[in-house]
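As stored in query_31.cif (mmCIF, C-alpha atoms):
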```cif
data_start
#
loop_
_atom_site.label_atom_id
_atom_site.label_comp_id
_atom_site.auth_asym_id
_atom_site.auth_seq_id
_atom_site.Cartn_x
_atom_site.Cartn_y
_atom_site.Cartn_z
CA MET A 1 -9.27 -23.87 12.30
CA PHE A 2 -10.78 -24.06 8.86
CA SER A 3 -10.24 -22.70 5.42
CA SER A 4 -13.16 -21.36 3.45
CA THR A 5 -11.84 -20.12 0.15
CA LEU A 6 -14.87 -19.37 -1.97
CA PHE A 7 -13.50 -19.01 -5.47
CA ALA A 8 -9.93 -20.30 -5.41
CA PHE A 9 -9.57 -20.74 -9.13
CA GLN A 10 -12.07 -18.23 -10.51
CA THR A 11 -11.48 -14.68 -11.60
CA ILE A 12 -12.43 -12.47 -8.69
CA GLN A 13 -14.63 -9.47 -9.42
CA LYS A 14 -13.17 -7.00 -6.97
CA ASP A 15 -15.53 -4.90 -4.87
CA THR A 16 -14.59 -1.28 -5.54
CA SER A 17 -17.32 0.30 -3.42
CA TYR A 18 -14.83 1.64 -0.88
CA THR A 19 -12.30 4.08 -2.33
CA VAL A 20 -10.53 7.18 -1.09
CA ASN A 21 -12.54 9.31 -3.54
CA SER A 22 -15.87 7.81 -2.46
CA SER A 23 -15.00 8.48 1.18
CA TYR A 24 -13.96 12.02 0.30
CA LYS A 25 -17.31 12.71 -1.39
CA LYS A 26 -19.13 11.17 1.56
CA TYR A 27 -17.37 13.29 4.18
CA LYS A 28 -16.87 16.57 2.30
CA LYS A 29 -20.27 17.95 3.31
CA ASN A 30 -19.64 17.61 7.05
CA PHE A 31 -15.90 18.29 6.83
CA PRO A 32 -15.56 20.92 4.08
CA ASN A 33 -11.84 21.49 4.72
CA ILE A 34 -10.67 17.91 4.22
CA GLU A 35 -8.06 17.15 1.60
CA ILE A 36 -6.67 13.93 0.19
CA PRO A 37 -2.92 13.75 0.85
CA LYS A 38 -1.03 13.25 -2.38
CA PRO A 39 1.56 10.48 -2.75
CA GLN A 40 5.01 11.99 -2.35
CA HIS A 41 8.39 11.13 -3.78
CA TYR A 42 11.06 10.85 -1.10
CA GLU A 43 14.70 10.66 -2.15
CA ASN A 44 15.45 8.31 0.74
CA VAL A 45 12.66 5.80 0.00
CA LYS A 46 12.87 2.96 -2.50
CA GLU A 47 9.51 1.70 -3.76
CA ILE A 48 8.72 -1.80 -5.02
CA SER A 49 5.23 -2.38 -6.44
CA ASP A 50 3.14 -5.53 -6.73
CA GLU A 51 5.67 -8.07 -5.48
CA VAL A 52 4.06 -11.53 -5.17
CA TYR A 53 4.31 -12.89 -1.64
CA LYS A 54 1.84 -15.78 -1.86
CA GLN A 55 0.12 -17.87 -4.51
CA ILE A 56 -2.96 -20.09 -4.11
CA GLY A 57 -3.52 -21.98 -7.34
CA GLU A 58 -3.62 -19.29 -10.01
CA ARG A 59 -4.32 -16.57 -7.47
CA LYS A 60 -1.40 -14.30 -6.60
CA LEU A 61 -1.27 -11.95 -3.62
CA HIS A 62 0.92 -8.87 -3.82
CA LEU A 63 2.57 -6.33 -1.58
CA ASP A 64 4.03 -2.87 -2.11
CA ALA A 65 7.28 -2.10 -0.30
CA PHE A 66 8.51 1.35 0.75
CA VAL A 67 12.01 0.99 2.16
CA ASN A 68 14.19 3.69 3.66
CA THR A 69 17.56 3.61 1.89
CA ASP A 70 19.86 4.38 4.80
CA SER A 71 22.44 1.77 5.76
CA LEU A 72 20.91 0.82 9.11
CA LEU A 73 18.71 -2.22 9.64
CA LYS A 74 15.19 -0.83 9.83
CA PRO A 75 12.09 -1.74 11.80
CA ALA A 76 9.36 -3.08 9.52
CA VAL A 77 5.77 -1.87 9.44
CA ILE A 78 3.21 -4.27 7.91
CA MET A 79 0.14 -2.32 6.75
CA VAL A 80 -3.38 -3.77 6.41
CA HIS A 81 -5.99 -1.64 4.62
CA GLY A 82 -9.64 -1.39 5.64
CA GLY A 83 -12.92 -1.73 3.77
CA GLY A 84 -15.28 -3.82 5.88
CA TRP A 85 -13.36 -7.04 5.07
CA LYS A 86 -15.03 -6.82 1.66
CA SER A 87 -13.48 -3.91 -0.22
CA GLY A 88 -10.52 -1.54 -0.11
CA ASP A 89 -7.07 -1.75 -1.63
CA LYS A 90 -3.43 -1.69 -0.56
CA SER A 91 -2.98 1.53 -2.53
CA HIS A 92 -4.94 3.30 0.23
CA MET A 93 -1.88 2.88 2.45
CA LYS A 94 0.61 4.43 0.01
CA PRO A 95 0.81 8.03 1.30
CA MET A 96 1.19 6.84 4.90
CA ALA A 97 3.71 4.15 3.94
CA GLN A 98 5.83 6.65 2.00
CA CYS A 99 5.82 9.14 4.84
CA ILE A 100 6.65 6.64 7.61
CA ALA A 101 9.36 5.02 5.48
CA SER A 102 10.99 8.41 4.95
CA LYS A 103 11.46 8.62 8.73
CA GLY A 104 13.63 5.49 8.93
CA TYR A 105 11.33 2.50 8.43
CA ALA A 106 10.46 -0.15 5.87
CA CYS A 107 6.71 -0.25 5.18
CA PHE A 108 4.79 -3.00 3.41
CA ALA A 109 1.22 -2.48 2.18
CA LEU A 110 -0.55 -5.81 1.72
CA GLU A 111 -3.14 -7.26 -0.60
CA TYR A 112 -5.10 -10.03 1.12
CA ARG A 113 -8.16 -12.07 0.25
CA LEU A 114 -11.39 -10.19 0.96
CA SER A 115 -14.67 -11.76 2.06
CA ASP A 116 -16.17 -12.09 -1.42
CA GLU A 117 -13.25 -14.37 -2.21
CA ALA A 118 -12.40 -16.06 1.07
CA GLN A 119 -13.92 -15.90 4.52
CA TYR A 120 -12.30 -15.90 7.94
CA PRO A 121 -9.63 -16.96 8.76
CA ASP A 122 -8.06 -16.98 5.28
CA GLY A 123 -7.24 -13.26 5.31
CA ILE A 124 -5.47 -13.74 8.66
CA TYR A 125 -3.44 -16.57 7.14
CA ASP A 126 -2.50 -14.26 4.27
CA ILE A 127 -1.23 -11.53 6.58
CA LYS A 128 0.75 -13.99 8.70
CA GLU A 129 2.35 -15.47 5.59
CA ALA A 130 3.22 -11.98 4.36
CA ILE A 131 5.08 -11.43 7.64
CA GLN A 132 7.00 -14.65 7.03
CA TYR A 133 7.78 -13.65 3.45
CA ILE A 134 9.06 -10.22 4.50
CA LYS A 135 11.21 -11.69 7.27
CA SER A 136 12.56 -14.32 4.88
CA ASN A 137 13.66 -11.45 2.61
CA ALA A 138 15.07 -9.40 5.47
CA GLN A 139 18.48 -9.00 3.87
CA ARG A 140 17.02 -7.66 0.63
CA PHE A 141 14.62 -5.33 2.44
CA HIS A 142 17.34 -4.50 4.99
CA ILE A 143 15.03 -4.93 7.99
CA ASP A 144 15.48 -5.99 11.60
CA THR A 145 13.21 -9.03 12.02
CA THR A 146 13.02 -8.47 15.79
CA LYS A 147 11.34 -5.08 15.24
CA VAL A 148 8.13 -5.67 13.32
CA THR A 149 4.88 -3.71 13.68
CA ILE A 150 1.47 -4.73 12.38
CA LEU A 151 -0.64 -1.67 11.52
CA GLY A 152 -4.23 -1.70 10.32
CA THR A 153 -7.06 0.69 9.51
CA SER A 154 -10.75 0.00 10.31
CA SER A 155 -11.48 -3.66 9.48
CA GLY A 156 -7.77 -3.93 8.68
CA ALA A 157 -7.08 -2.72 12.23
CA GLN A 158 -9.35 -5.44 13.58
CA MET A 159 -7.34 -7.99 11.58
CA ALA A 160 -3.98 -6.47 12.49
CA THR A 161 -4.80 -6.50 16.19
CA LEU A 162 -5.91 -10.13 15.95
CA VAL A 163 -2.64 -10.98 14.19
CA GLY A 164 -0.65 -9.19 16.89
CA THR A 165 -2.47 -10.81 19.80
CA THR A 166 -2.05 -14.32 18.35
CA ASN A 167 1.73 -14.28 18.09
CA ASN A 168 3.00 -17.84 17.58
CA ASN A 169 -0.49 -19.29 17.97
CA PRO A 170 -0.59 -22.27 15.57
CA ASN A 171 -4.39 -22.11 15.35
CA PHE A 172 -4.02 -18.93 13.31
CA GLU A 173 -1.33 -20.11 10.93
CA GLU A 174 -1.29 -22.28 7.84
CA SER A 175 1.56 -24.64 7.11
CA THR A 176 4.00 -22.84 4.83
CA SER A 177 7.48 -23.44 3.45
CA TYR A 178 8.89 -20.69 5.66
CA ASN A 179 10.69 -21.40 8.91
CA THR A 180 10.44 -17.76 10.01
CA SER A 181 8.19 -16.61 12.84
CA THR A 182 4.94 -14.71 12.29
CA SER A 183 5.40 -12.78 15.54
CA VAL A 184 5.28 -8.99 15.70
CA GLN A 185 6.59 -6.67 18.38
CA ALA A 186 4.08 -3.80 18.17
CA ILE A 187 0.49 -3.12 17.09
CA VAL A 188 -1.01 0.07 15.66
CA ASN A 189 -4.82 0.10 15.58
CA LEU A 190 -6.56 2.87 13.64
CA ASP A 191 -10.26 2.68 14.53
CA GLY A 192 -10.63 -1.10 14.52
CA VAL A 193 -12.90 -3.07 16.85
CA ILE A 194 -11.22 -5.31 19.44
CA ALA A 195 -14.36 -7.28 20.35
CA PHE A 196 -17.13 -8.15 17.91
CA VAL A 197 -19.72 -8.85 20.62
CA HIS A 198 -19.58 -5.89 22.98
CA PRO A 199 -21.92 -3.16 24.28
CA LYS A 200 -20.18 -0.58 22.07
CA SER A 201 -20.00 -2.74 18.97
CA SER A 202 -22.60 -2.66 16.22
CA GLU A 203 -20.95 -5.00 13.75
CA GLY A 204 -23.51 -6.67 11.53
CA LYS A 205 -23.85 -7.73 7.90
CA MET A 206 -20.26 -7.06 6.80
CA ALA A 207 -18.77 -8.92 9.76
CA ALA A 208 -21.27 -11.76 9.34
CA TRP A 209 -20.29 -12.22 5.71
CA TRP A 210 -16.59 -12.37 6.60
CA LEU A 211 -17.13 -14.62 9.64
CA GLY A 212 -19.46 -17.04 7.86
CA GLY A 213 -22.61 -16.29 9.84
CA THR A 214 -24.19 -13.97 12.38
CA SER A 215 -23.11 -13.78 16.01
CA LYS A 216 -26.07 -15.97 16.93
CA GLU A 217 -25.26 -18.51 14.23
CA LYS A 218 -21.50 -18.57 14.87
CA PRO A 219 -20.92 -17.29 18.43
CA ASN A 220 -17.64 -19.18 18.86
CA VAL A 221 -16.24 -17.81 15.61
CA TRP A 222 -17.17 -14.24 16.54
CA LYS A 223 -15.42 -14.72 19.89
CA GLU A 224 -12.37 -16.41 18.37
CA ALA A 225 -11.99 -13.66 15.75
CA SER A 226 -12.02 -10.95 18.43
CA ALA A 227 -8.54 -9.83 19.44
CA LEU A 228 -9.73 -9.27 23.02
CA THR A 229 -10.12 -13.04 23.42
CA HIS A 230 -6.36 -13.48 22.99
CA VAL A 231 -4.89 -10.54 24.90
CA ASP A 232 -2.43 -11.74 27.56
CA GLU A 233 1.08 -11.24 28.90
CA ASN A 234 2.49 -11.81 25.40
CA THR A 235 0.59 -8.97 23.74
CA PRO A 236 2.94 -6.39 22.18
CA PRO A 237 2.90 -2.66 22.95
CA THR A 238 -0.09 -1.11 21.19
CA LEU A 239 -1.07 2.31 19.86
CA PHE A 240 -4.76 3.05 19.41
CA ILE A 241 -5.82 6.04 17.30
CA SER A 242 -9.56 6.62 17.21
CA SER A 243 -12.21 8.75 15.53
CA GLN A 244 -15.26 10.21 17.26
CA TYR A 245 -17.23 6.98 16.77
CA GLU A 246 -17.25 4.83 19.89
CA ARG A 247 -18.38 1.66 18.12
CA PHE A 248 -14.92 1.32 16.60
CA GLN A 249 -13.45 1.33 20.11
CA ALA A 250 -15.34 -1.78 21.23
CA GLY A 251 -13.08 -3.80 23.53
CA ARG A 252 -10.30 -1.22 23.71
CA GLU A 253 -10.73 -0.40 27.40
CA GLU A 254 -10.78 -4.08 28.34
CA MET A 255 -7.67 -4.76 26.25
CA ILE A 256 -5.80 -1.93 27.93
CA GLU A 257 -6.88 -3.16 31.36
CA ILE A 258 -5.35 -6.58 30.66
CA MET A 259 -2.19 -5.01 29.26
CA ASP A 260 -1.87 -2.78 32.31
CA LYS A 261 -1.95 -5.85 34.56
CA HIS A 262 1.07 -7.19 32.69
CA ASN A 263 2.86 -3.82 32.55
CA ILE A 264 2.61 -3.69 28.73
CA TYR A 265 2.71 -0.22 27.21
CA SER A 266 -0.38 1.12 25.48
CA GLN A 267 -1.16 4.56 24.11
CA VAL A 268 -4.48 6.11 23.10
CA GLU A 269 -4.97 9.10 20.81
CA ASN A 270 -8.37 10.41 19.75
CA PHE A 271 -9.66 12.77 17.07
CA PRO A 272 -12.95 13.91 18.65
CA ASP A 273 -14.29 15.64 15.54
CA SER A 274 -13.28 13.44 12.62
CA PRO A 275 -14.67 11.01 10.07
CA HIS A 276 -14.13 7.31 10.63
CA THR A 277 -11.44 7.13 7.94
CA PHE A 278 -9.52 10.11 9.29
CA TRP A 279 -6.14 8.65 8.25
CA LEU A 280 -7.04 9.10 4.58
CA PHE A 281 -7.41 12.87 4.84
CA ASN A 282 -5.78 16.01 6.04
CA PRO A 283 -5.91 17.67 8.50
CA TRP A 284 -5.74 14.33 10.39
CA PHE A 285 -3.29 12.47 8.14
CA THR A 286 -0.20 14.41 9.22
CA GLU A 287 -0.99 14.17 12.92
CA THR A 288 -1.78 10.46 12.56
CA VAL A 289 1.63 9.82 10.98
CA ASN A 290 3.28 11.83 13.76
CA TYR A 291 1.54 9.79 16.46
CA ILE A 292 2.61 6.56 14.74
CA THR A 293 6.25 7.51 14.21
CA ILE A 294 6.66 8.82 17.76
CA PHE A 295 5.22 5.54 19.08
CA LEU A 296 7.47 3.48 16.79
CA ASP A 297 10.55 5.50 17.70
CA LYS A 298 9.79 5.03 21.39
CA THR A 299 9.23 1.29 20.94
CA PHE A 300 12.12 0.45 18.61
CA LYS A 301 14.73 3.19 18.70
CA LYS A 302 15.31 3.53 22.44
CA GLY A 303 18.96 4.30 23.01
CA SER A 304 19.75 4.31 19.29
#
```
Using the file provided, produce a representation of the structure as structure tokens.
Amino acid sequence: MFSSTLFAFQTIQKDTSYTVNSSYKKYKKNFPNIEIPKPQHYENVKEISDEVYKQIGERKLHLDAFVNTDSLLKPAVIMVHGGGWKSGDKSHMKPMAQCIASKGYACFALEYRLSDEAQYPDGIYDIKEAIQYIKSNAQRFHIDTTKVTILGTSSGAQMATLVGTTNNNPNFEESTSYNTSTSVQAIVNLDGVIAFVHPKSSEGKMAAWWLGGTSKEKPNVWKEASALTHVDENTPPTLFISSQYERFQAGREEMIEIMDKHNIYSQVENFPDSPHTFWLFNPWFTETVNYITIFLDKTFKKGS
């Protein structure tokens, strides 16, 4: 593997083209009843903002934690925002993180290096190191390190699924000071492609910028970065929640077929009349959280 940090010691001008408000304005015409869910205050959720989990030179990467305050060890949910690998922000995950945490979980919304700063696979390294950091602080966060979910939205779902299908694969990990595992026990994919080169996929400029070249220029990288390449008997149970747009489902059927051969649980939920970023808006937000928590309860709270 390689590292391709572009501006390790420069001030990064963050791309703010993808925001919840910009998506709202984009979709309001076709979906006049959509609403942005407001962040909520839950008495049983402790929030920690902008905790540093990794530093590269002067560059610090942060996470936001939303931890249920009951006395039980909690499953952890690592959350990776979307934005075409180039934009987006961990704050996009806050309403969902608060809500899921209130139901008995510890949620962690991650900042990671975007493609204007660092190309593939650096963002994957960041997410894997965040998992190690969170597990290393399991006592403080009061989490069960054997019950960890990686959840992503859009391009974040592509990354999350790649992270989950490369459990304990040293080719996708940097050397760190942690001796904790990067493995996860469940995947939640919200409208993220599983295979970059696929009849349903139409990934282009944004993916090429993150992957360091087009599919013709870097065919091996495009294949390696596709979660479908790594699906096997070690793949964790996976929940797929999809919009009406088939291109974001590229590789899903093939992934499920492999999982079925190994008797690994998968679940598919679809919103047939929804925008791509359905999780950011009601009426889909509440149902999305319900699908996720039911899946997590089934996966981690059996018999509890």
| task | Within 8 Å of Trp279 (chain A), counting only C-alpha atoms, which residues show up once you throw out same-chain ones fewer than 6 positions away? Write them as JSON, numbers by chain, please. | result | {"A": [190, 285, 288]}
File of the preceding selection, C-alpha atoms, as a short mmCIF file (atom, residue, chain, number, x, y, z; two decimals), keeping the file's coordinate frame:
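Saved the output as part.cif:
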```
data_model
loop_
_atom_site.label_atom_id
_atom_site.label_comp_id
_atom_site.auth_asym_id
_atom_site.auth_seq_id
_atom_site.Cartn_x
_atom_site.Cartn_y
_atom_site.Cartn_z
CA LEU A 190 -6.56 2.87 13.64
CA PHE A 285 -3.29 12.47 8.14
CA THR A 288 -1.78 10.46 12.56
#
```
| Quick one: of A:Val193, A:Ile294, A:Met259, A:Leu151, who's nearest to Val77 (chain A), counting all atoms listed in the file? |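 Distance minimum relative to Val77 (chain A) lands on A:Leu151.
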| Between A:Asp126, A:Asp144, A:Glu253, A:Glu269, which one has atoms that come closest to Ala195 (chain A), using only C-alpha atoms? |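 Selected residue with least distance to Ala195 (chain A): A:Glu253.
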Using all atoms listed in the file, which protein or nucleic acid residues come within 9 Å of Phe141 (chain A)? Drop anything in the same chain fewer than 2 positions from it, and give the result as a PDB file with C-alpha atoms, in the coordinates of the input.
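Contents of result-v2.pdb, freshly written:
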```pdb
ATOM      1  CA  ALA A  65       7.280  -2.100  -0.300  1.00  0.00           C
ATOM      2  CA  VAL A  67      12.010   0.990   2.160  1.00  0.00           C
ATOM      3  CA  LEU A  73      18.710  -2.220   9.640  1.00  0.00           C
ATOM      4  CA  LYS A  74      15.190  -0.830   9.830  1.00  0.00           C
ATOM      5  CA  ALA A 106      10.460  -0.150   5.870  1.00  0.00           C
ATOM      6  CA  ILE A 134       9.060 -10.220   4.500  1.00  0.00           C
ATOM      7  CA  LYS A 135      11.210 -11.690   7.270  1.00  0.00           C
ATOM      8  CA  ASN A 137      13.660 -11.450   2.610  1.00  0.00           C
ATOM      9  CA  ALA A 138      15.070  -9.400   5.470  1.00  0.00           C
ATOM     10  CA  GLN A 139      18.480  -9.000   3.870  1.00  0.00           C
ATOM     11  CA  ILE A 143      15.030  -4.930   7.990  1.00  0.00           C
TER      12      ILE A 143
END
```
| request: Kindly give the distance, in Å, that separates CA of Thr176 (chain A) and CA of Ile56 (chain A), rounded to a single decimal. | output: 11.7 Å
Since the input is missing atoms for region 37-48 of chain A, could you rebuild it with all heavy atoms and give the result as a PDB file, in the frame of the given file?
```pdb
ATOM      1  N   PRO A  37      -4.359  13.562   0.981  1.00  0.00           N
ATOM      2  CA  PRO A  37      -2.920  13.750   0.850  1.00  0.00           C
ATOM      3  C   PRO A  37      -2.393  13.076  -0.413  1.00  0.00           C
ATOM      4  O   PRO A  37      -2.786  11.955  -0.739  1.00  0.00           O
ATOM      5  CB  PRO A  37      -2.339  13.078   2.109  1.00  0.00           C
ATOM      6  CG  PRO A  37      -3.429  12.245   2.659  1.00  0.00           C
ATOM      7  CD  PRO A  37      -4.726  12.736   2.122  1.00  0.00           C
ATOM      8  N   LYS A  38      -1.559  13.779  -1.121  1.00  0.00           N
ATOM      9  CA  LYS A  38      -1.030  13.250  -2.380  1.00  0.00           C
ATOM     10  C   LYS A  38       0.191  12.369  -2.102  1.00  0.00           C
ATOM     11  O   LYS A  38       0.989  12.672  -1.210  1.00  0.00           O
ATOM     12  CB  LYS A  38      -0.646  14.381  -3.317  1.00  0.00           C
ATOM     13  CG  LYS A  38      -1.828  15.215  -3.801  1.00  0.00           C
ATOM     14  CD  LYS A  38      -1.360  16.338  -4.703  1.00  0.00           C
ATOM     15  CE  LYS A  38      -2.549  17.057  -5.344  1.00  0.00           C
ATOM     16  NZ  LYS A  38      -3.459  17.623  -4.365  1.00  0.00           N
ATOM     17  N   PRO A  39       0.328  11.271  -2.862  1.00  0.00           N
ATOM     18  CA  PRO A  39       1.560  10.480  -2.750  1.00  0.00           C
ATOM     19  C   PRO A  39       2.768  11.376  -3.024  1.00  0.00           C
ATOM     20  O   PRO A  39       2.738  12.235  -3.907  1.00  0.00           O
ATOM     21  CB  PRO A  39       1.399   9.411  -3.823  1.00  0.00           C
ATOM     22  CG  PRO A  39      -0.083   9.294  -4.025  1.00  0.00           C
ATOM     23  CD  PRO A  39      -0.615  10.686  -3.822  1.00  0.00           C
ATOM     24  N   GLN A  40       3.814  11.171  -2.240  1.00  0.00           N
ATOM     25  CA  GLN A  40       5.010  11.990  -2.350  1.00  0.00           C
ATOM     26  C   GLN A  40       6.190  11.153  -2.835  1.00  0.00           C
ATOM     27  O   GLN A  40       6.224   9.931  -2.632  1.00  0.00           O
ATOM     28  CB  GLN A  40       5.362  12.602  -0.987  1.00  0.00           C
ATOM     29  CG  GLN A  40       4.278  13.470  -0.390  1.00  0.00           C
ATOM     30  CD  GLN A  40       4.060  14.752  -1.166  1.00  0.00           C
ATOM     31  OE1 GLN A  40       5.009  15.387  -1.607  1.00  0.00           O
ATOM     32  NE2 GLN A  40       2.803  15.144  -1.325  1.00  0.00           N
ATOM     33  N   HIS A  41       7.143  11.803  -3.433  1.00  0.00           N
ATOM     34  CA  HIS A  41       8.390  11.130  -3.780  1.00  0.00           C
ATOM     35  C   HIS A  41       9.452  11.559  -2.775  1.00  0.00           C
ATOM     36  O   HIS A  41       9.731  12.753  -2.618  1.00  0.00           O
ATOM     37  CB  HIS A  41       8.849  11.499  -5.195  1.00  0.00           C
ATOM     38  CG  HIS A  41      10.203  10.954  -5.523  1.00  0.00           C
ATOM     39  ND1 HIS A  41      10.426   9.608  -5.736  1.00  0.00           N
ATOM     40  CD2 HIS A  41      11.408  11.568  -5.653  1.00  0.00           C
ATOM     41  CE1 HIS A  41      11.706   9.423  -5.991  1.00  0.00           C
ATOM     42  NE2 HIS A  41      12.327  10.598  -5.935  1.00  0.00           N
ATOM     43  N   TYR A  42      10.000  10.588  -2.067  1.00  0.00           N
ATOM     44  CA  TYR A  42      11.060  10.850  -1.100  1.00  0.00           C
ATOM     45  C   TYR A  42      12.370  10.283  -1.638  1.00  0.00           C
ATOM     46  O   TYR A  42      12.437   9.107  -2.016  1.00  0.00           O
ATOM     47  CB  TYR A  42      10.730  10.210   0.247  1.00  0.00           C
ATOM     48  CG  TYR A  42       9.515  10.795   0.933  1.00  0.00           C
ATOM     49  CD1 TYR A  42       8.248  10.257   0.735  1.00  0.00           C
ATOM     50  CD2 TYR A  42       9.642  11.892   1.785  1.00  0.00           C
ATOM     51  CE1 TYR A  42       7.132  10.794   1.363  1.00  0.00           C
ATOM     52  CE2 TYR A  42       8.528  12.435   2.422  1.00  0.00           C
ATOM     53  CZ  TYR A  42       7.283  11.884   2.208  1.00  0.00           C
ATOM     54  OH  TYR A  42       6.190  12.417   2.837  1.00  0.00           O
ATOM     55  N   GLU A  43      13.404  11.090  -1.631  1.00  0.00           N
ATOM     56  CA  GLU A  43      14.700  10.660  -2.150  1.00  0.00           C
ATOM     57  C   GLU A  43      15.266   9.478  -1.370  1.00  0.00           C
ATOM     58  O   GLU A  43      16.036   8.674  -1.903  1.00  0.00           O
ATOM     59  CB  GLU A  43      15.693  11.825  -2.126  1.00  0.00           C
ATOM     60  CG  GLU A  43      15.362  12.949  -3.091  1.00  0.00           C
ATOM     61  CD  GLU A  43      15.507  12.543  -4.547  1.00  0.00           C
ATOM     62  OE1 GLU A  43      16.243  11.576  -4.830  1.00  0.00           O
ATOM     63  OE2 GLU A  43      14.871  13.201  -5.402  1.00  0.00           O
ATOM     64  N   ASN A  44      14.882   9.367  -0.097  1.00  0.00           N
ATOM     65  CA  ASN A  44      15.450   8.310   0.740  1.00  0.00           C
ATOM     66  C   ASN A  44      14.537   7.084   0.859  1.00  0.00           C
ATOM     67  O   ASN A  44      14.711   6.259   1.757  1.00  0.00           O
ATOM     68  CB  ASN A  44      15.779   8.842   2.134  1.00  0.00           C
ATOM     69  CG  ASN A  44      14.533   9.262   2.918  1.00  0.00           C
ATOM     70  OD1 ASN A  44      13.473   9.490   2.341  1.00  0.00           O
ATOM     71  ND2 ASN A  44      14.670   9.372   4.238  1.00  0.00           N
ATOM     72  N   VAL A  45      13.573   6.952  -0.031  1.00  0.00           N
ATOM     73  CA  VAL A  45      12.660   5.800   0.000  1.00  0.00           C
ATOM     74  C   VAL A  45      12.662   5.093  -1.346  1.00  0.00           C
ATOM     75  O   VAL A  45      12.405   5.703  -2.384  1.00  0.00           O
ATOM     76  CB  VAL A  45      11.217   6.238   0.355  1.00  0.00           C
ATOM     77  CG1 VAL A  45      10.260   5.041   0.292  1.00  0.00           C
ATOM     78  CG2 VAL A  45      11.170   6.886   1.738  1.00  0.00           C
ATOM     79  N   LYS A  46      12.955   3.810  -1.306  1.00  0.00           N
ATOM     80  CA  LYS A  46      12.870   2.960  -2.500  1.00  0.00           C
ATOM     81  C   LYS A  46      11.509   2.274  -2.512  1.00  0.00           C
ATOM     82  O   LYS A  46      11.090   1.713  -1.507  1.00  0.00           O
ATOM     83  CB  LYS A  46      13.987   1.915  -2.490  1.00  0.00           C
ATOM     84  CG  LYS A  46      13.938   0.953  -3.667  1.00  0.00           C
ATOM     85  CD  LYS A  46      15.038  -0.105  -3.567  1.00  0.00           C
ATOM     86  CE  LYS A  46      14.965  -1.096  -4.729  1.00  0.00           C
ATOM     87  NZ  LYS A  46      16.011  -2.143  -4.634  1.00  0.00           N
ATOM     88  N   GLU A  47      10.838   2.300  -3.656  1.00  0.00           N
ATOM     89  CA  GLU A  47       9.510   1.700  -3.760  1.00  0.00           C
ATOM     90  C   GLU A  47       9.541   0.480  -4.682  1.00  0.00           C
ATOM     91  O   GLU A  47      10.152   0.514  -5.751  1.00  0.00           O
ATOM     92  CB  GLU A  47       8.502   2.725  -4.285  1.00  0.00           C
ATOM     93  CG  GLU A  47       8.350   3.931  -3.368  1.00  0.00           C
ATOM     94  CD  GLU A  47       7.222   4.864  -3.787  1.00  0.00           C
ATOM     95  OE1 GLU A  47       6.414   4.455  -4.660  1.00  0.00           O
ATOM     96  OE2 GLU A  47       7.143   5.989  -3.239  1.00  0.00           O
ATOM     97  N   ILE A  48       8.863  -0.566  -4.234  1.00  0.00           N
ATOM     98  CA  ILE A  48       8.720  -1.800  -5.020  1.00  0.00           C
ATOM     99  C   ILE A  48       7.219  -2.097  -5.095  1.00  0.00           C
ATOM    100  O   ILE A  48       6.561  -2.230  -4.061  1.00  0.00           O
ATOM    101  CB  ILE A  48       9.451  -2.983  -4.383  1.00  0.00           C
ATOM    102  CG1 ILE A  48      10.941  -2.655  -4.186  1.00  0.00           C
ATOM    103  CG2 ILE A  48       9.283  -4.253  -5.223  1.00  0.00           C
ATOM    104  CD1 ILE A  48      11.680  -3.664  -3.329  1.00  0.00           C
TER     105      ILE A  48
END
```
